[in-house]
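K.L.:
Got coords_2.cif for you, mmCIF, C-alpha atoms:
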```cif
data_work
loop_
_atom_site.label_atom_id
_atom_site.label_comp_id
_atom_site.auth_asym_id
_atom_site.auth_seq_id
_atom_site.Cartn_x
_atom_site.Cartn_y
_atom_site.Cartn_z
CA MET A 1 21.37 -13.67 15.27
CA ILE A 2 18.51 -14.63 12.99
CA ARG A 3 15.24 -12.74 12.33
CA SER A 4 13.21 -14.48 15.04
CA GLU A 5 15.82 -13.57 17.65
CA ILE A 6 15.59 -9.90 16.59
CA LEU A 7 11.82 -10.07 16.86
CA TYR A 8 12.08 -11.56 20.38
CA GLU A 9 14.34 -8.67 21.38
CA ILE A 10 12.25 -5.87 19.91
CA ALA A 11 8.81 -7.29 20.81
CA PRO A 12 8.61 -5.34 24.12
CA ILE A 13 9.33 -2.11 22.20
CA LEU A 14 6.85 -2.91 19.43
CA SER A 15 3.96 -3.59 21.81
CA ASP A 16 3.41 0.14 22.50
CA HIS A 17 3.03 1.00 18.80
CA LEU A 18 1.11 0.13 15.67
CA VAL A 19 2.93 -2.60 13.75
CA ILE A 20 2.52 -3.74 10.15
CA SER A 21 4.34 -7.01 9.61
CA ASN A 22 5.43 -8.59 6.37
CA ILE A 23 3.88 -11.73 4.86
CA GLY A 24 5.09 -15.19 5.84
CA LEU A 25 7.42 -16.00 8.70
CA PRO A 26 7.84 -12.44 10.07
CA SER A 27 4.09 -12.21 10.75
CA GLN A 28 3.92 -15.79 12.03
CA GLU A 29 6.87 -15.23 14.36
CA LEU A 30 5.51 -11.96 15.70
CA HIS A 31 2.09 -13.56 16.20
CA LEU A 32 3.70 -16.38 18.21
CA ILE A 33 6.01 -14.12 20.25
CA ASP A 34 3.58 -11.35 21.17
CA ASP A 35 0.14 -11.24 19.58
CA GLN A 36 -1.35 -7.76 20.07
CA PRO A 37 -4.39 -5.94 18.69
CA THR A 38 -1.89 -3.32 17.51
CA ASN A 39 -0.31 -5.84 15.12
CA PHE A 40 -1.52 -6.00 11.53
CA TYR A 41 -0.44 -9.32 10.05
CA MET A 42 -0.14 -9.52 6.30
CA LEU A 43 -1.30 -12.94 5.24
CA GLY A 44 -0.91 -12.14 1.56
CA THR A 45 0.68 -9.65 -0.81
CA MET A 46 4.47 -9.60 -0.76
CA GLY A 47 6.19 -6.26 -0.56
CA LEU A 48 3.44 -3.93 0.61
CA ALA A 49 4.13 -3.72 4.38
CA SER A 50 6.07 -0.47 3.91
CA SER A 51 3.33 1.02 1.70
CA ILE A 52 0.59 0.12 4.20
CA GLY A 53 2.73 1.50 7.02
CA LEU A 54 3.30 4.78 5.20
CA GLY A 55 -0.39 5.20 4.31
CA LEU A 56 -1.34 4.56 7.93
CA SER A 57 1.29 6.98 9.25
CA LEU A 58 0.17 9.80 6.98
CA VAL A 59 -3.47 9.79 8.13
CA GLN A 60 -3.10 9.54 11.92
CA GLU A 61 -0.61 10.54 14.62
CA LYS A 62 0.26 7.29 16.45
CA LYS A 63 3.67 5.82 15.76
CA VAL A 64 3.79 3.08 13.15
CA ILE A 65 6.54 0.49 12.74
CA ALA A 66 6.56 -1.56 9.53
CA ILE A 67 8.61 -4.75 9.74
CA ASP A 68 9.78 -5.74 6.32
CA GLY A 69 12.32 -8.08 4.77
CA ASP A 70 15.04 -7.48 2.21
CA GLY A 71 13.32 -9.68 -0.37
CA ALA A 72 9.99 -7.91 0.12
CA VAL A 73 11.53 -4.44 -0.24
CA LEU A 74 13.36 -5.57 -3.36
CA SER A 75 9.99 -6.64 -4.79
CA ASN A 76 8.52 -3.15 -4.18
CA LEU A 77 11.52 -0.83 -4.58
CA GLY A 78 9.21 1.96 -5.73
CA THR A 79 8.13 2.31 -2.12
CA LEU A 80 11.40 4.01 -1.12
CA PRO A 81 11.03 7.16 -3.28
CA THR A 82 7.39 7.43 -2.16
CA ILE A 83 8.46 7.22 1.49
CA ALA A 84 11.27 9.74 0.95
CA ASN A 85 8.97 12.29 -0.67
CA ASN A 86 6.04 11.92 1.75
CA VAL A 87 7.67 12.35 5.14
CA ALA A 88 5.70 11.01 8.10
CA ASN A 89 7.71 11.52 11.27
CA ASN A 90 5.63 8.89 13.09
CA PHE A 91 6.84 6.19 10.67
CA ILE A 92 9.70 3.73 11.13
CA LEU A 93 10.52 1.08 8.56
CA ILE A 94 12.66 -1.78 9.83
CA ILE A 95 14.07 -3.92 7.06
CA ILE A 96 15.30 -7.16 8.60
CA ASP A 97 17.95 -7.98 6.04
CA ASN A 98 19.05 -11.59 6.23
CA GLY A 99 20.10 -11.63 2.58
CA SER A 100 17.59 -14.32 1.78
CA TYR A 101 13.97 -15.19 1.03
CA GLY A 102 13.43 -16.79 4.44
CA SER A 103 9.82 -17.88 4.02
CA THR A 104 10.51 -19.82 0.84
CA GLY A 105 13.62 -21.75 1.86
CA ASP A 106 16.41 -19.20 2.29
CA GLN A 107 17.18 -18.62 -1.37
CA PRO A 108 19.69 -15.72 -1.57
CA THR A 109 18.52 -12.19 -2.42
CA TYR A 110 20.64 -9.55 -4.12
CA ALA A 111 20.67 -7.63 -0.82
CA GLY A 112 22.96 -10.37 0.49
CA LYS A 113 25.27 -9.88 -2.47
CA LYS A 114 26.34 -6.56 -4.05
CA THR A 115 23.17 -4.54 -3.37
CA SER A 116 22.87 -2.25 -0.36
CA LEU A 117 19.29 -1.41 0.66
CA ALA A 118 20.59 1.36 2.94
CA ALA A 119 22.40 2.97 0.00
CA ILE A 120 19.27 2.62 -2.16
CA ALA A 121 17.10 4.24 0.52
CA LYS A 122 19.54 7.15 0.80
CA ALA A 123 19.71 7.56 -2.97
CA CYS A 124 15.90 7.65 -3.03
CA GLY A 125 16.00 10.65 -0.73
CA CYS A 126 15.27 9.06 2.65
CA GLU A 127 16.95 11.32 5.20
CA ASN A 128 17.40 9.08 8.23
CA VAL A 129 18.74 5.71 7.17
CA ILE A 130 20.58 3.57 9.70
CA GLU A 131 22.22 0.25 8.91
CA CYS A 132 22.92 -1.74 12.04
CA SER A 133 23.88 -5.22 13.17
CA ALA A 134 21.23 -7.60 14.47
CA GLU A 135 22.55 -7.05 17.99
CA GLN A 136 22.11 -3.26 17.68
CA THR A 137 18.52 -3.40 16.38
CA SER A 138 16.82 -2.87 19.73
CA GLU A 139 18.87 0.21 20.64
CA THR A 140 18.58 1.61 17.11
CA LEU A 141 14.80 1.24 17.20
CA LYS A 142 14.59 2.94 20.60
CA GLY A 143 16.70 5.80 19.27
CA ALA A 144 14.54 6.15 16.17
CA LEU A 145 11.35 6.27 18.26
CA ALA A 146 12.87 8.92 20.54
CA SER A 147 14.00 11.04 17.59
CA ASN A 148 10.44 11.60 16.32
CA ARG A 149 11.78 11.52 12.78
CA MET A 150 10.90 9.15 9.99
CA THR A 151 13.63 6.51 10.01
CA ILE A 152 14.60 3.54 7.85
CA ILE A 153 16.52 0.87 9.76
CA VAL A 154 18.32 -1.87 7.86
CA ALA A 155 19.13 -4.59 10.41
CA LYS A 156 21.67 -7.03 9.00
CA CYS A 157 21.25 -10.53 10.37
CA GLU A 158 21.91 -14.15 9.56
CA SER A 159 19.69 -16.28 7.42
CA GLY A 160 17.65 -18.96 9.17
CA ASN A 161 14.23 -19.85 10.49
CA VAL A 162 12.52 -21.45 13.42
CA LYS A 163 9.39 -23.59 13.11
CA VAL A 164 6.27 -21.52 13.70
CA PRO A 165 2.60 -22.26 13.11
CA VAL A 166 0.63 -20.41 10.42
CA ILE A 167 -1.79 -17.70 11.54
CA THR A 168 -5.34 -19.02 11.54
CA MET A 169 -7.03 -15.75 12.58
CA ASP A 170 -9.47 -14.49 9.97
CA THR A 171 -8.31 -11.46 8.00
CA VAL A 172 -11.42 -9.44 8.79
CA ALA A 173 -10.89 -10.14 12.50
CA ILE A 174 -7.24 -9.01 12.21
CA ARG A 175 -8.15 -5.76 10.52
CA ASP A 176 -11.19 -5.02 12.69
CA ARG A 177 -9.18 -5.56 15.87
CA PHE A 178 -6.36 -3.43 14.46
CA MET A 179 -8.65 -0.57 13.37
CA ASN A 180 -10.18 -0.46 16.85
CA ALA A 181 -6.68 -0.31 18.34
CA VAL A 182 -5.83 2.61 16.04
CA LYS A 183 -8.89 4.51 17.27
CA THR A 184 -8.36 3.92 21.01
CA MET B 25 -18.75 22.25 -14.67
CA SER B 26 -15.96 20.04 -15.99
CA VAL B 27 -15.97 16.33 -15.20
CA ASN B 28 -12.66 16.81 -13.37
CA THR B 29 -14.26 19.26 -10.96
CA ARG B 30 -17.20 16.92 -10.51
CA PHE B 31 -15.02 13.89 -9.71
CA LEU B 32 -13.25 15.84 -6.99
CA ASP B 33 -16.45 17.38 -5.60
CA ASP B 34 -17.95 13.91 -5.28
CA PHE B 35 -14.82 12.42 -3.70
CA ILE B 36 -14.82 15.20 -1.10
CA ALA B 37 -18.58 14.96 -0.49
CA ASN B 38 -18.00 11.26 0.28
CA ASP B 39 -15.15 11.99 2.74
CA VAL B 40 -12.38 10.63 0.52
CA SER B 41 -9.28 12.36 1.84
CA PHE B 42 -6.38 10.25 0.52
CA ILE B 43 -5.82 9.62 -3.18
CA THR B 44 -2.93 7.87 -4.90
CA SER B 45 -2.35 8.01 -8.62
CA VAL B 46 -0.31 6.84 -11.55
CA PRO B 47 -0.83 9.22 -14.46
CA CYS B 48 -2.51 8.65 -17.83
CA LYS B 49 -3.03 11.25 -20.55
CA GLN B 50 -6.80 11.01 -20.08
CA LEU B 51 -6.43 11.51 -16.32
CA ALA B 52 -4.12 14.53 -16.46
CA GLY B 53 -6.96 16.97 -15.77
CA VAL B 54 -8.36 15.09 -12.79
CA ILE B 55 -4.88 14.69 -11.28
CA GLU B 56 -4.28 18.42 -11.74
CA GLU B 57 -7.61 19.08 -10.02
CA ILE B 58 -6.63 16.99 -6.95
CA GLU B 59 -3.70 19.29 -6.34
CA THR B 60 -6.06 22.24 -5.97
CA ARG B 61 -8.08 20.57 -3.19
CA GLU B 62 -6.87 21.04 0.38
CA GLU B 63 -9.22 18.32 1.67
CA ILE B 64 -7.26 15.61 -0.11
CA TYR B 65 -3.76 14.27 0.50
CA HIS B 66 -2.43 13.33 -2.94
CA ILE B 67 0.35 10.75 -2.94
CA PRO B 68 1.60 9.77 -6.38
CA CYS B 69 2.86 6.16 -6.40
CA ASN B 70 5.28 4.38 -8.70
CA LYS B 71 3.21 1.30 -9.39
CA GLU B 72 -0.44 0.56 -8.82
CA ASP B 73 0.01 -2.35 -6.40
CA GLU B 74 2.11 -0.03 -4.25
CA GLY B 75 -0.77 2.47 -4.41
CA ILE B 76 -3.22 -0.21 -3.30
CA GLY B 77 -0.98 -0.77 -0.26
CA LEU B 78 -0.95 2.95 0.53
CA CYS B 79 -4.75 3.07 0.29
CA ALA B 80 -5.06 0.03 2.58
CA GLY B 81 -2.90 1.81 5.15
CA ALA B 82 -5.02 4.95 5.00
CA PHE B 83 -8.17 2.84 5.42
CA LEU B 84 -6.68 1.12 8.49
CA GLY B 85 -6.10 4.60 9.87
CA GLY B 86 -9.80 5.40 9.50
CA LYS B 87 -9.66 7.47 6.30
CA ARG B 88 -11.35 6.86 3.00
CA SER B 89 -8.96 6.45 0.09
CA ALA B 90 -9.07 6.00 -3.69
CA ILE B 91 -6.73 5.12 -6.54
CA ILE B 92 -6.54 6.75 -9.97
CA MET B 93 -4.90 4.56 -12.62
CA GLN B 94 -4.92 3.25 -16.18
CA ASN B 95 -6.57 -0.03 -17.19
CA THR B 96 -3.24 -1.44 -18.38
CA ALA B 97 -2.25 -1.65 -14.70
CA ILE B 98 -4.96 -4.11 -13.75
CA GLY B 99 -2.51 -6.91 -14.55
CA VAL B 100 0.09 -5.75 -12.03
CA SER B 101 -2.59 -5.04 -9.42
CA ILE B 102 -4.40 -8.38 -9.28
CA ASN B 103 -2.48 -9.95 -6.41
CA ALA B 104 -2.82 -6.84 -4.23
CA LEU B 105 -6.52 -6.51 -5.06
CA VAL B 106 -7.23 -10.14 -4.21
CA THR B 107 -4.96 -10.84 -1.22
CA LEU B 108 -5.14 -7.41 0.41
CA THR B 109 -8.19 -5.34 -0.60
CA GLN B 110 -10.63 -8.23 -1.06
CA PHE B 111 -9.17 -10.67 1.49
CA TYR B 112 -9.33 -8.04 4.29
CA ARG B 113 -12.62 -6.60 2.98
CA MET B 114 -11.53 -3.04 2.31
CA PRO B 115 -13.36 -0.47 0.17
CA LEU B 116 -11.41 0.99 -2.75
CA PRO B 117 -12.84 3.18 -5.50
CA MET B 118 -10.64 2.76 -8.58
CA LEU B 119 -11.07 5.58 -11.09
CA ILE B 120 -9.60 3.99 -14.20
CA SER B 121 -8.84 5.47 -17.58
CA TYR B 122 -10.09 2.90 -20.08
CA ARG B 123 -7.54 3.15 -22.86
CA GLY B 124 -7.86 1.12 -26.06
CA GLU B 125 -11.49 1.93 -26.80
CA LEU B 126 -12.92 3.88 -29.81
CA GLY B 127 -10.72 6.83 -30.69
CA GLU B 128 -7.56 5.19 -29.36
CA PRO B 129 -4.48 6.17 -31.38
CA VAL B 130 -2.08 3.60 -29.84
CA ALA B 131 -2.58 0.00 -31.00
CA CYS B 132 -0.91 -1.55 -27.96
CA GLN B 133 -3.60 -0.08 -25.68
CA VAL B 134 -6.22 -2.22 -27.42
CA GLU B 135 -4.37 -5.38 -26.37
CA MET B 136 -5.11 -4.69 -22.69
CA ALA B 137 -8.51 -3.10 -23.34
CA ILE B 138 -9.86 -6.40 -24.65
CA HIS B 139 -8.92 -8.09 -21.35
CA THR B 140 -10.03 -5.30 -19.02
CA LYS B 141 -13.68 -6.17 -18.43
CA ALA B 142 -13.00 -9.92 -18.47
CA LEU B 143 -10.38 -9.56 -15.74
CA LEU B 144 -12.58 -7.32 -13.58
CA ASP B 145 -15.47 -9.74 -14.09
CA ARG B 146 -13.28 -12.70 -13.16
CA LEU B 147 -12.18 -10.85 -9.99
CA LEU B 148 -15.83 -10.18 -9.09
CA ILE B 149 -15.11 -6.45 -8.95
CA PRO B 150 -18.25 -4.35 -9.48
CA THR B 151 -17.55 -2.37 -12.65
CA TYR B 152 -19.16 0.77 -14.09
CA HIS B 153 -18.34 2.02 -17.58
CA PHE B 154 -18.52 5.78 -18.22
CA HIS B 155 -18.96 6.29 -21.98
CA LYS B 156 -20.95 9.52 -22.17
CA GLU B 157 -20.34 12.67 -20.18
CA GLU B 158 -23.66 12.37 -18.34
CA ASP B 159 -22.57 8.99 -16.94
CA ILE B 160 -20.70 10.95 -14.30
CA GLU B 161 -24.09 11.53 -12.62
CA GLU B 162 -23.69 8.03 -11.13
CA PHE B 163 -20.28 8.68 -9.56
CA ASP B 164 -21.63 9.85 -6.21
CA ALA B 165 -23.83 6.74 -5.90
CA ILE B 166 -20.91 4.49 -6.91
CA LEU B 167 -18.75 5.94 -4.13
CA LYS B 168 -21.53 5.43 -1.57
CA HIS B 169 -21.97 1.86 -2.84
CA THR B 170 -18.22 1.18 -2.52
CA PHE B 171 -18.04 2.33 1.11
CA MET B 172 -21.26 0.49 1.93
CA CYS B 173 -20.08 -2.90 0.65
CA ASN B 174 -16.32 -2.70 1.51
CA LYS B 175 -15.15 -3.86 -1.90
CA PRO B 176 -12.88 -2.57 -4.62
CA VAL B 177 -15.07 -1.01 -7.32
CA ALA B 178 -13.89 -0.06 -10.82
CA ILE B 179 -15.05 2.99 -12.77
CA LEU B 180 -13.85 2.67 -16.37
CA THR B 181 -13.73 5.99 -18.19
CA ASP B 182 -13.19 5.73 -21.95
CA ALA B 183 -12.06 8.25 -24.60
CA SER B 184 -15.64 9.14 -25.60
CA PHE B 185 -16.38 10.08 -21.98
CA TRP B 186 -13.29 12.31 -21.80
CA LYS B 187 -13.93 13.94 -25.20
CA GLY B 188 -13.82 17.70 -24.80
CA ASN B 189 -12.38 17.52 -21.28
#
```
The structure in this file should be written as structure tokens.

P.N.:
Amino acid sequence: MIRSEILYEIAPILSDHLVISNIGLPSQELHLIDDQPTNFYMLGTMGLASSIGLGLSLVQEKKVIAIDGDGAVLSNLGTLPTIANNVANNFILIIIDNGSYGSTGDQPTYAGKKTSLAAIAKACGCENVIECSAEQTSETLKGALASNRMTIIVAKCESGNVKVPVITMDTVAIRDRFMNAVKT
Amino acid sequence: MSVNTRFLDDFIANDVSFITSVPCKQLAGVIEEIETREEIYHIPCNKEDEGIGLCAGAFLGGKRSAIIMQNTAIGVSINALVTLTQFYRMPLPMLISYRGELGEPVACQVEMAIHTKALLDRLLIPTYHFHKEEDIEEFDAILKHTFMCNKPVAILTDASFWKGN
């Protein structure tokens, strides 16, 4: 399975929750599969989906799912100790780990080589870290939501992309729509 | 009243309830003061662009946030400031220790100090420079201005301002 197939599978679960999605193809794919006011698409800034998701989780009670990539987390590794030490039980971070920088042409990341993001997250102090296969992502996410505990999911999948259009929505429209969804 | 107390009083009076920080010697007192205030969730971050992400998240959740950082970090923050805070039109007060000005004992700090205002100017970030203790009188108005215009706003606080605090 590749990332877009995981997103297709988990989209029905995501639609009930606030979602922060990573820059590039993950946001574009989610936008194409199931555009919702509860989706915050990052059109810029690599690596901050998990930080935005944590900040959002800490100030309100609705459940927040941040969809990140292995390359993006590697670019902001400092996020994992911050997450570990500021527990928000309404926060789930899914790292879709395809071992590559998908949006830029599938160049390999270190997460596809010797480096384990799940082991890093645990070493940073994150208490509920689950590494799963692409096929198990949906069930793992359901379990994490039911547990009401902050969870980091590392979903290992294959590298590869499908053709998707860029998001043409204006950023202020994205964030205004999202902020209204948070309030209602 | 110390300037540290005043910064926190003004943050709280302007409904700021979420502050992230990366420490600086000059900011030690204000960071210590945050910890004494129940109204504010203090979340230390590891790098300033990460902190800008945390603040964006808090803003999306309907809370006012702020970052406390050193001017040397403007370099690592530019992409987040431009493609997140500015691109999505989010307010962000940045209380910045302005190292490398008169009284600075560390030569390296001057190297970034000489770029600080030029970078902020280039980024079209409204910038206020606190040089004397009484400059803090403007802080309340600067916070109101920031949340009115939905922009990142920089408050540079130099060694002369912090003298005696």

K.L.:
Which of these residues is nearest to Ser133 (chain A), using all atoms listed in the file: A:Leu80, A:Val154, A:Glu9, A:Gly160?

P.N.:
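Of the candidates, the smallest distance to Ser133 (chain A) is held by A:Val154.
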
K.L.:
For the provided coordinates, the residues matched by the PyMOL selection byres ((chain B) within 7 of (chain A)) should be stated as a tab-separated table (two decimals) with C-alpha atoms, in the coordinates of the input.

P.N.:
```
chain	number	residue	atom	x	y	z
B	69	CYS	CA	2.86	6.16	-6.40
B	70	ASN	CA	5.28	4.38	-8.70
B	74	GLU	CA	2.11	-0.03	-4.25
B	77	GLY	CA	-0.98	-0.77	-0.26
B	78	LEU	CA	-0.95	2.95	0.53
B	79	CYS	CA	-4.75	3.07	0.29
B	80	ALA	CA	-5.06	0.03	2.58
B	81	GLY	CA	-2.90	1.81	5.15
B	82	ALA	CA	-5.02	4.95	5.00
B	84	LEU	CA	-6.68	1.12	8.49
B	85	GLY	CA	-6.10	4.60	9.87
B	87	LYS	CA	-9.66	7.47	6.30
B	103	ASN	CA	-2.48	-9.95	-6.41
B	104	ALA	CA	-2.82	-6.84	-4.23
B	107	THR	CA	-4.96	-10.84	-1.22
B	108	LEU	CA	-5.14	-7.41	0.41
B	111	PHE	CA	-9.17	-10.67	1.49
B	112	TYR	CA	-9.33	-8.04	4.29
B	113	ARG	CA	-12.62	-6.60	2.98
```

K.L.:
Would you pick out the contacts of Phe42 (chain B) at 8 Å or less, using all atoms listed in the file, so that residues sharing its chain but fewer than 4 positions from it are not included, and give the list as a ChimeraX atom specification?

P.N.:
/B:64-67,79,82,87-90

K.L.:
Check what the PyMOL selection byres ((chain B and resi 165-181) around 10) selects in the file above and give those residues as a count of residues only.

P.N.:
58

K.L.:
For each of B:Ala142, B:Ile76, B:Ile43, B:Cys48, take the minimum atom-to-atom distance to Glu63 (chain B), counting only C-alpha atoms, then give the residue where this is smallest.

P.N.:
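That would be B:Ile43, the residue with the smallest distance to Glu63 (chain B).
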
K.L.:
I'd like the neighbourhood of Thr109 (chain A) as an MDAnalysis selection string, where a residue qualifies if any of its atoms comes within 10 Å (using all atoms listed in the file), though same-chain residues fewer than 6 positions away should be ignored.

P.N.:
chainID A and resid 70:72 74 97:102 115

K.L.:
May I have the protein, DNA and RNA residues with any atom at most 6 Å from the point (14.8, 4.0, 2.2), counting only C-alpha atoms, written as JSON, numbers by chain?

P.N.:
{"A": [80, 121, 122, 126, 152]}

K.L.:
For the provided coordinates, the residues matched by the PyMOL selection byres ((chain A and resi 8) around 12) should be stated as a CSV table (one decimal) with C-alpha atoms, in the coordinates of the input.

P.N.:
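Output saved as selection08.csv:
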```
chain,number,residue,atom,x,y,z
A,1,MET,CA,21.4,-13.7,15.3
A,2,ILE,CA,18.5,-14.6,13.0
A,3,ARG,CA,15.2,-12.7,12.3
A,4,SER,CA,13.2,-14.5,15.0
A,5,GLU,CA,15.8,-13.6,17.6
A,6,ILE,CA,15.6,-9.9,16.6
A,7,LEU,CA,11.8,-10.1,16.9
A,9,GLU,CA,14.3,-8.7,21.4
A,10,ILE,CA,12.2,-5.9,19.9
A,11,ALA,CA,8.8,-7.3,20.8
A,12,PRO,CA,8.6,-5.3,24.1
A,13,ILE,CA,9.3,-2.1,22.2
A,14,LEU,CA,6.8,-2.9,19.4
A,15,SER,CA,4.0,-3.6,21.8
A,26,PRO,CA,7.8,-12.4,10.1
A,29,GLU,CA,6.9,-15.2,14.4
A,30,LEU,CA,5.5,-12.0,15.7
A,31,HIS,CA,2.1,-13.6,16.2
A,32,LEU,CA,3.7,-16.4,18.2
A,33,ILE,CA,6.0,-14.1,20.2
A,34,ASP,CA,3.6,-11.4,21.2
A,35,ASP,CA,0.1,-11.2,19.6
A,134,ALA,CA,21.2,-7.6,14.5
A,135,GLU,CA,22.6,-7.0,18.0
A,137,THR,CA,18.5,-3.4,16.4
A,138,SER,CA,16.8,-2.9,19.7
```

K.L.:
Complete the atom set of region 161-184 of chain A to N, CA and C atoms and return it as a short mmCIF file (atom, residue, chain, number, x, y, z; two decimals), in the frame of the given file.

P.N.:
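Now in out.cif:
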```cif
data_model
loop_
_atom_site.label_atom_id
_atom_site.label_comp_id
_atom_site.auth_asym_id
_atom_site.auth_seq_id
_atom_site.Cartn_x
_atom_site.Cartn_y
_atom_site.Cartn_z
N ASN A 161 15.62 -19.89 10.03
CA ASN A 161 14.23 -19.85 10.49
C ASN A 161 14.01 -20.79 11.65
N VAL A 162 12.98 -20.49 12.43
CA VAL A 162 12.52 -21.45 13.42
C VAL A 162 11.14 -21.93 12.98
N LYS A 163 10.71 -23.07 13.49
CA LYS A 163 9.39 -23.59 13.11
C LYS A 163 8.31 -22.81 13.85
N VAL A 164 7.39 -22.25 13.08
CA VAL A 164 6.27 -21.52 13.70
C VAL A 164 4.98 -21.90 12.99
N PRO A 165 3.87 -21.92 13.76
CA PRO A 165 2.60 -22.26 13.11
C PRO A 165 2.09 -21.12 12.22
N VAL A 166 1.26 -21.46 11.24
CA VAL A 166 0.63 -20.41 10.42
C VAL A 166 -0.42 -19.69 11.27
N ILE A 167 -0.78 -18.49 10.83
CA ILE A 167 -1.79 -17.70 11.54
C ILE A 167 -3.16 -18.14 11.04
N THR A 168 -4.02 -18.54 11.96
CA THR A 168 -5.34 -19.02 11.54
C THR A 168 -6.42 -17.97 11.77
N MET A 169 -6.05 -16.83 12.38
CA MET A 169 -7.03 -15.75 12.58
C MET A 169 -7.58 -15.30 11.23
N ASP A 170 -8.86 -14.97 11.20
CA ASP A 170 -9.47 -14.49 9.97
C ASP A 170 -8.99 -13.06 9.66
N THR A 171 -8.83 -12.78 8.39
CA THR A 171 -8.31 -11.46 8.00
C THR A 171 -9.20 -10.32 8.46
N VAL A 172 -10.51 -10.53 8.38
CA VAL A 172 -11.42 -9.44 8.79
C VAL A 172 -11.31 -9.21 10.30
N ALA A 173 -11.09 -10.29 11.06
CA ALA A 173 -10.89 -10.14 12.50
C ALA A 173 -9.59 -9.39 12.78
N ILE A 174 -8.53 -9.70 12.03
CA ILE A 174 -7.24 -9.01 12.21
C ILE A 174 -7.41 -7.52 11.96
N ARG A 175 -8.08 -7.18 10.87
CA ARG A 175 -8.15 -5.76 10.52
C ARG A 175 -9.15 -5.00 11.39
N ASP A 176 -10.22 -5.68 11.82
CA ASP A 176 -11.19 -5.02 12.69
C ASP A 176 -10.56 -4.73 14.05
N ARG A 177 -9.86 -5.71 14.58
CA ARG A 177 -9.18 -5.56 15.87
C ARG A 177 -8.13 -4.44 15.78
N PHE A 178 -7.42 -4.43 14.66
CA PHE A 178 -6.36 -3.43 14.46
C PHE A 178 -6.96 -2.02 14.34
N MET A 179 -8.04 -1.90 13.57
CA MET A 179 -8.65 -0.57 13.37
C MET A 179 -9.20 -0.02 14.69
N ASN A 180 -9.72 -0.91 15.53
CA ASN A 180 -10.18 -0.46 16.85
C ASN A 180 -9.01 0.00 17.71
N ALA A 181 -7.88 -0.70 17.58
CA ALA A 181 -6.68 -0.31 18.34
C ALA A 181 -6.14 1.05 17.86
N VAL A 182 -6.28 1.32 16.57
CA VAL A 182 -5.83 2.61 16.04
C VAL A 182 -6.67 3.73 16.66
N LYS A 183 -7.97 3.47 16.79
CA LYS A 183 -8.89 4.51 17.27
C LYS A 183 -8.77 4.78 18.77
N THR A 184 -8.35 3.75 19.55
CA THR A 184 -8.36 3.92 21.01
C THR A 184 -7.02 4.39 21.56
#
```
